[in-house]
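Enquirer: Below is protein_31.cif; it holds mmCIF, C-alpha atoms.
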data_work
loop_
_atom_site.label_atom_id
_atom_site.label_comp_id
_atom_site.auth_asym_id
_atom_site.auth_seq_id
_atom_site.Cartn_x
_atom_site.Cartn_y
_atom_site.Cartn_z
CA MET A 192 115.02 109.61 125.37
CA ASP A 193 112.40 111.52 123.37
CA LYS A 194 112.56 109.76 120.00
CA VAL A 195 109.71 111.65 118.30
CA ARG A 196 110.55 113.26 114.96
CA GLN A 197 108.69 116.24 113.57
CA SER A 198 107.63 114.50 110.38
CA ALA A 199 107.90 111.29 108.39
CA ALA A 200 110.07 113.14 105.88
CA ALA A 201 112.57 114.04 108.60
CA ALA A 202 112.56 110.49 109.94
CA VAL A 203 113.59 108.92 106.60
CA SER A 204 115.71 111.77 105.23
CA ASP A 205 119.05 109.97 105.75
CA ILE A 206 118.13 106.63 104.14
CA PRO A 207 120.66 106.40 101.29
CA ASP A 208 120.59 104.72 97.90
CA GLY A 209 121.29 101.02 98.24
CA ALA A 210 120.12 100.76 101.84
CA SER A 211 118.54 97.57 103.16
CA LEU A 212 115.11 97.90 104.79
CA ALA A 213 113.01 95.57 106.93
CA VAL A 214 109.40 96.66 106.47
CA GLY A 215 106.49 95.56 108.63
CA GLY A 216 103.04 94.57 107.52
CA PHE A 217 101.00 91.49 106.70
CA GLY A 218 99.20 91.92 103.40
CA LEU A 219 98.06 95.52 103.82
CA SER A 220 97.57 95.19 107.58
CA GLY A 221 100.01 97.20 109.65
CA VAL A 222 101.90 98.59 106.67
CA PRO A 223 103.87 101.80 107.45
CA THR A 224 102.24 103.65 104.55
CA VAL A 225 103.17 107.16 105.69
CA LEU A 226 106.85 106.33 106.02
CA ILE A 227 106.84 104.50 102.68
CA SER A 228 105.24 107.53 101.00
CA ALA A 229 107.84 109.82 102.60
CA LEU A 230 110.65 107.56 101.38
CA HIS A 231 109.11 107.60 97.90
CA ASP A 232 109.19 111.41 97.95
CA GLN A 233 112.73 111.39 99.36
CA GLY A 234 113.97 109.53 96.27
CA ALA A 235 116.26 106.79 97.61
CA SER A 236 116.73 103.98 95.08
CA GLY A 237 118.47 100.63 94.68
CA LEU A 238 116.85 99.48 97.92
CA GLY A 239 116.97 95.96 99.30
CA VAL A 240 113.67 95.22 101.00
CA VAL A 241 112.90 92.46 103.50
CA SER A 242 109.15 92.13 104.00
CA ASN A 243 106.52 89.39 104.07
CA ASN A 244 105.10 90.77 100.82
CA CYS A 245 105.70 93.80 98.64
CA GLY A 246 102.35 95.54 98.94
CA VAL A 247 99.89 95.65 96.07
CA ASP A 248 99.80 97.67 92.87
CA GLY A 249 99.66 101.30 93.95
CA ALA A 250 99.74 100.73 97.71
CA GLY A 251 102.31 99.95 100.41
CA LEU A 252 105.70 98.95 99.05
CA GLY A 253 104.02 98.77 95.63
CA LEU A 254 104.64 102.54 95.41
CA LEU A 255 108.42 102.10 95.61
CA LEU A 256 108.30 99.06 93.35
CA ALA A 257 106.38 100.88 90.60
CA ALA A 258 108.86 103.76 90.77
CA GLY A 259 111.78 101.39 90.20
CA ARG A 260 113.32 102.11 93.61
CA ILE A 261 113.62 98.49 94.80
CA ALA A 262 116.46 96.30 93.53
CA ARG A 263 115.97 93.22 95.67
CA VAL A 264 113.15 91.68 97.73
CA THR A 265 113.41 89.02 100.40
CA GLY A 266 109.88 87.87 101.18
CA SER A 267 107.47 84.97 101.31
CA TYR A 268 104.52 86.10 99.20
CA VAL A 269 104.13 87.85 95.85
CA GLY A 270 100.43 88.42 96.52
CA GLU A 271 98.16 90.76 94.60
CA ASN A 272 100.99 92.64 92.90
CA LYS A 273 101.16 92.27 89.12
CA GLU A 274 104.04 94.76 88.85
CA PHE A 275 106.06 92.70 91.31
CA ALA A 276 105.56 89.60 89.14
CA ARG A 277 106.34 91.53 85.94
CA GLN A 278 109.61 92.95 87.25
CA TYR A 279 110.71 89.60 88.68
CA LEU A 280 109.95 87.57 85.56
CA GLY A 281 111.41 90.30 83.33
CA GLY A 282 114.78 90.35 85.07
CA GLU A 283 114.36 93.82 86.60
CA LEU A 284 114.11 92.64 90.20
CA GLU A 285 115.96 90.06 92.28
CA VAL A 286 113.65 88.07 94.57
CA GLU A 287 114.55 85.65 97.34
CA LEU A 288 111.42 83.70 98.30
CA VAL A 289 111.55 82.32 101.85
CA PRO A 290 109.04 80.12 103.73
CA GLN A 291 106.94 82.50 105.82
CA GLY A 292 107.82 81.03 109.23
CA THR A 293 111.49 80.92 108.27
CA LEU A 294 111.38 84.58 107.26
CA ALA A 295 109.84 85.51 110.61
CA GLU A 296 112.49 83.57 112.51
CA ARG A 297 115.34 85.01 110.41
CA LEU A 298 114.21 88.52 111.32
CA ARG A 299 113.81 87.62 114.99
CA ALA A 300 117.19 85.90 115.06
CA GLY A 301 118.92 88.89 113.49
CA GLY A 302 117.32 91.19 116.05
CA CYS A 303 118.49 88.94 118.89
CA GLY A 304 122.06 88.73 117.63
CA ILE A 305 121.74 85.10 116.51
CA PRO A 306 123.73 84.64 113.27
CA ALA A 307 122.05 81.42 112.14
CA PHE A 308 119.74 78.60 113.19
CA TYR A 309 118.54 75.19 111.98
CA THR A 310 114.99 74.43 110.86
CA PRO A 311 113.27 71.46 109.20
CA ALA A 312 111.30 73.79 106.89
CA GLY A 313 112.51 73.37 103.31
CA VAL A 314 114.58 70.21 103.75
CA GLY A 315 114.40 68.12 100.58
CA THR A 316 113.31 71.07 98.42
CA GLN A 317 115.04 73.79 96.42
CA VAL A 318 114.90 75.97 99.54
CA ALA A 319 117.66 73.80 100.98
CA ASP A 320 119.17 72.22 97.85
CA GLY A 321 119.44 75.45 95.86
CA GLY A 322 118.15 76.26 92.41
CA LEU A 323 115.34 78.69 93.22
CA PRO A 324 115.37 81.46 90.58
CA TRP A 325 116.50 84.73 92.20
CA ARG A 326 116.85 86.73 89.00
CA HIS A 327 115.80 86.15 85.40
CA HIS A 328 117.21 87.32 82.08
CA PRO A 329 114.90 89.66 80.13
CA ASP A 330 113.98 86.68 77.94
CA GLY A 331 112.66 84.83 80.97
CA SER A 332 115.51 82.37 81.39
CA VAL A 333 117.11 82.05 84.82
CA HIS A 334 120.13 84.27 85.45
CA VAL A 335 120.84 83.77 89.19
CA CYS A 336 119.78 80.82 91.35
CA SER A 337 119.78 80.35 95.09
CA PRO A 338 122.78 78.47 96.49
CA ALA A 339 122.60 75.20 98.39
CA LYS A 340 122.48 75.54 102.17
CA GLU A 341 124.14 73.56 104.92
CA ILE A 342 122.20 70.50 106.11
CA ARG A 343 122.84 68.85 109.48
CA GLU A 344 121.37 65.87 111.24
CA PHE A 345 120.07 66.13 114.78
CA ASP A 346 118.57 63.09 116.53
CA GLY A 347 118.04 61.33 113.24
CA LEU A 348 116.31 64.25 111.51
CA HIS A 349 117.69 66.67 108.90
CA TYR A 350 117.65 70.43 109.27
CA VAL A 351 118.69 73.31 107.02
CA MET A 352 120.76 76.20 108.29
CA GLU A 353 119.19 79.64 107.78
CA ARG A 354 120.94 82.96 108.39
CA GLY A 355 119.57 85.68 110.66
CA ILE A 356 118.64 88.94 108.94
CA THR A 357 119.70 92.44 109.92
CA THR A 358 119.08 95.56 107.85
CA ASP A 359 120.29 99.15 107.78
CA PHE A 360 116.83 100.53 108.56
CA ALA A 361 113.38 99.24 109.51
CA LEU A 362 110.00 100.88 108.87
CA VAL A 363 107.07 99.74 111.03
CA ARG A 364 103.57 100.82 112.08
CA ALA A 365 102.10 100.54 115.57
CA ALA A 366 98.67 101.20 117.04
CA LYS A 367 100.18 102.97 120.05
CA GLY A 368 103.62 104.14 121.04
CA ASP A 369 105.25 106.42 123.55
CA ARG A 370 108.07 108.92 123.22
CA HIS A 371 110.59 106.31 124.34
CA GLY A 372 109.69 104.03 121.42
CA ASN A 373 107.73 101.39 123.33
CA LEU A 374 105.14 100.02 120.89
CA VAL A 375 101.79 98.21 120.91
CA PHE A 376 100.47 96.51 117.75
CA ASN A 377 96.92 95.61 116.84
CA LYS A 378 95.90 92.07 115.84
CA SER A 379 97.52 90.85 112.58
CA ALA A 380 99.66 93.99 112.41
CA ARG A 381 101.67 92.25 115.12
CA ASN A 382 102.69 89.40 112.80
CA PHE A 383 105.76 91.00 111.21
CA ASN A 384 106.08 94.53 112.60
CA PRO A 385 107.87 93.59 115.86
CA LEU A 386 110.23 91.27 113.99
CA ALA A 387 111.06 93.86 111.33
CA ALA A 388 111.66 96.43 114.06
CA MET A 389 114.08 94.11 115.84
CA ALA A 390 116.08 93.48 112.66
CA GLY A 391 116.74 97.13 111.77
CA ARG A 392 119.85 98.91 113.00
CA ILE A 393 117.83 102.14 112.85
CA THR A 394 114.11 101.53 113.31
CA VAL A 395 111.50 104.14 112.48
CA ALA A 396 107.97 103.62 113.81
CA GLU A 397 104.86 105.47 112.73
CA VAL A 398 102.26 105.33 115.51
CA GLU A 399 98.53 105.86 115.20
CA ARG A 400 98.32 107.14 118.75
CA LEU A 401 101.24 108.77 120.58
CA VAL A 402 101.13 108.60 124.37
CA GLU A 403 103.41 109.91 127.09
CA PRO A 404 105.96 107.69 128.87
CA GLY A 405 104.29 105.75 131.65
CA GLU A 406 100.87 105.61 130.02
CA LEU A 407 101.51 102.15 128.59
CA GLU A 408 101.26 99.30 131.05
CA ALA A 409 104.40 97.19 131.02
CA ASP A 410 102.43 94.04 130.22
CA GLU A 411 100.75 95.57 127.15
CA ILE A 412 104.00 96.58 125.43
CA HIS A 413 104.73 94.27 122.50
CA LEU A 414 108.09 95.79 121.56
CA PRO A 415 110.36 97.65 124.01
CA GLY A 416 111.80 100.99 122.99
CA VAL A 417 115.37 99.66 122.95
CA PHE A 418 114.63 98.42 119.41
CA VAL A 419 113.23 101.78 118.17
CA GLN A 420 115.27 104.89 117.38
CA ARG A 421 112.67 107.21 115.80
CA VAL A 422 108.94 107.72 116.30
CA VAL A 423 106.51 109.57 114.01
CA ALA A 424 103.04 110.48 115.32
CA LEU A 425 100.33 110.15 112.67
CA THR A 426 97.46 112.57 112.24
CA GLY A 427 93.92 111.31 112.71
CA ASP A 428 93.39 111.13 108.96
CA GLN A 429 96.66 109.25 108.42
CA ALA A 430 95.84 106.77 111.17
CA ALA A 431 92.38 106.11 109.72
CA ASP A 432 93.61 105.68 106.13
CA LYS A 433 93.82 101.87 105.89
CA ALA A 434 93.44 100.03 102.61
CA VAL A 435 91.71 96.68 102.14
CA GLU A 436 93.69 94.18 100.06
CA ARG A 437 90.68 92.21 98.90
CA ARG A 438 87.15 93.17 99.87
CA THR A 439 84.78 90.21 100.23
CA THR A 440 81.06 90.55 100.79
CA SER A 441 78.19 88.13 100.95
CA ALA A 442 74.76 88.51 99.39
CA THR A 443 71.81 89.18 101.66
CA HIS A 444 69.21 86.45 101.45
CA GLY A 445 65.80 87.59 102.61
CA THR A 446 65.23 89.79 105.63
CA VAL A 447 65.69 89.23 109.30
CA GLY A 448 62.51 89.67 111.31
CA PRO A 449 62.23 91.23 114.74
#
Can I see the file as structure tokens?

Expert:
Amino acid sequence: MDKVRQSAAAAVSDIPDGASLAVGGFGLSGVPTVLISALHDQGASGLGVVSNNCGVDGAGLGLLLAAGRIARVTGSYVGENKEFARQYLGGELEVELVPQGTLAERLRAGGCGIPAFYTPAGVGTQVADGGLPWRHHPDGSVHVCSPAKEIREFDGLHYVMERGITTDFALVRAAKGDRHGNLVFNKSARNFNPLAAMAGRITVAEVERLVEPGELEADEIHLPGVFVQRVVALTGDQAADKAVERRTTSATHGTVGP
């Protein structure tokens, strides 16, 4: 039952070339940066990544992207990543863009053993009708397009069928976790991390604070350990190392009196 691994390197050592990965994070919040760095050092390539976004230039999944290790991305947001856009438009990277709520539900469905579901999101658009560019030629022309999806009518309304997502591995980050793999997430880090963890056949969680079994109250656990196979405890410095995607400040006008 003790799922703790000695290091991040040990936890990702068996991820092979061509593996599919569900990766948690929302922007740069809750990104499993230590596991991503360990996978970068490990050298696996040709990876298929499912994640809300693909990090930013030089951070998060952007590290693997810049090294040419990612072959395909399923996500909902290109974000602040110029290299992502360059590789996609230049035909180096296949990208399946998915509505954000649909992506979340596809991950959840896969984790629950649900093969497909119907949603109104995307009906009447290229999401349902097909034709979204997945891969370009180097000259910028479209090489591969998304296929049309099944549409059904329920109670007079149309819905598109979306497939659940499962992956070979999942990499996630939690604020707290115990040795059994029970996890607690903090604020917006909870948006995609639990869903990514559910979708992975082998889920690896880096935790900012490792606690002993029984220390977590049952009601505070966001993800039960049944979904987690490996746990990596972060050092204090690793836990505190959190990037800001876009820093915004406001000018100070005058002074505030007592």

Enquirer: Give me the result of the PyMOL selection byres ((chain A and resi 414) around 12) on this file, residue by residue, as number ranges by chain.

Expert: A: 299, 302, 363-369, 371-376, 381, 383-389, 394, 396, 407, 409-413, 415-419

Enquirer: Could you jot down the CA of Asp232 in chain A to CA of Leu288 in chain A separation for me, Å, one decimal place?

Expert: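 Separation of CA of Asp232 in chain A and CA of Leu288 in chain A: 27.8 Å.
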
Enquirer: Smallest atom-to-atom distance to Val398 in chain A: which of A:Gly249, A:Gly347, A:Gly427, A:Pro290, using only C-alpha atoms?

Expert: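 Closest residue, counting only C-alpha atoms: A:Gly427.
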
Enquirer: Got a sec: who's within 9 Å of Ser236 in chain A, counting all atoms listed in the file, leaving out chain neighbours fewer than 4 positions off, as a list of chain:residue names?

Expert: A:Pro207, A:Asp208, A:Gly209, A:Ala210, A:His231, A:Leu255, A:Ala258, A:Gly259, A:Arg260, A:Ile261, A:Ala262

Enquirer: Could you state the separation of CA of Ile356 in chain A and CA of Val286 in chain A in Å, given to one decimal place?

Expert: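 Answer for the CA of Ile356 in chain A to CA of Val286 in chain A separation: 15.2 Å.
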
Enquirer: Quick one, how far is CA of Val333 in chain A from CA of Glu287 in chain A?

Expert: 13.3 Å

Enquirer: I want to know what sits within 7 Å of range 225-227 of chain A, based on all atoms listed in the file, with residues of the same chain fewer than 3 positions away left out; could you give that as a list of chain:residue names?

Expert: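 Listing them by chain and then by number gives A:Ala199, A:Leu230, A:His231, A:Gly251, A:Leu252, A:Leu362.
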
Enquirer: Taking the file as shown, find all residues satisfying the PyMOL selection byres ((chain A and resi 193-196) around 8) and write them as a PyMOL selection string.

Expert: chain A and resi 192+197-199+201-202+370-372+420-424

Enquirer: Residues picked by the PyMOL selection byres ((chain A and resi 301) around 8) here, as a ChimeraX atom specification?

Expert: /A:297-300,302-306,355-357,389-390

Enquirer: Out of A:Ser242, A:Val351, A:Leu425, A:His327, which residue has the shortest atom-to-atom distance to Val402 in chain A when counting all atoms listed in the file?

Expert: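 Selected residue with least distance to Val402 in chain A: A:Leu425.
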
Enquirer: So that I can see what lies close to Gly322 in chain A, please list as a compact mmCIF listing (two decimals) with C-alpha atoms, in the frame of the given file the residues with an atom at most 12 Å from it, counting all atoms listed in the file and leaving out residues fewer than 4 positions away in the same chain.

Expert:
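Writing done, so here's out31.txt:
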# COMPACT_ATOMS: atom_id res chain seq x y z
CA GLU A 287 114.55 85.65 97.34
CA LEU A 288 111.42 83.70 98.30
CA THR A 316 113.31 71.07 98.42
CA GLN A 317 115.04 73.79 96.42
CA VAL A 318 114.90 75.97 99.54
CA ARG A 326 116.85 86.73 89.00
CA VAL A 333 117.11 82.05 84.82
CA HIS A 334 120.13 84.27 85.45
CA VAL A 335 120.84 83.77 89.19
CA CYS A 336 119.78 80.82 91.35
CA SER A 337 119.78 80.35 95.09
CA PRO A 338 122.78 78.47 96.49
CA ALA A 339 122.60 75.20 98.39
CA LYS A 340 122.48 75.54 102.17

Enquirer: Contacts of Asp432 in chain A at 12 Å or less, counting all atoms listed in the file, minus same-chain residues fewer than 2 places along, as a list of chain:residue names?

Expert: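 Skipping anything fewer than 2 positions along the chain leaves A:Leu219, A:Ser220, A:Gly221, A:Val222, A:Pro223, A:Thr224, A:Val225, A:Ala250, A:Gly251, A:Glu399, A:Leu425, A:Thr426, A:Gly427, A:Asp428, A:Gln429, A:Ala430, A:Ala434, A:Val435.
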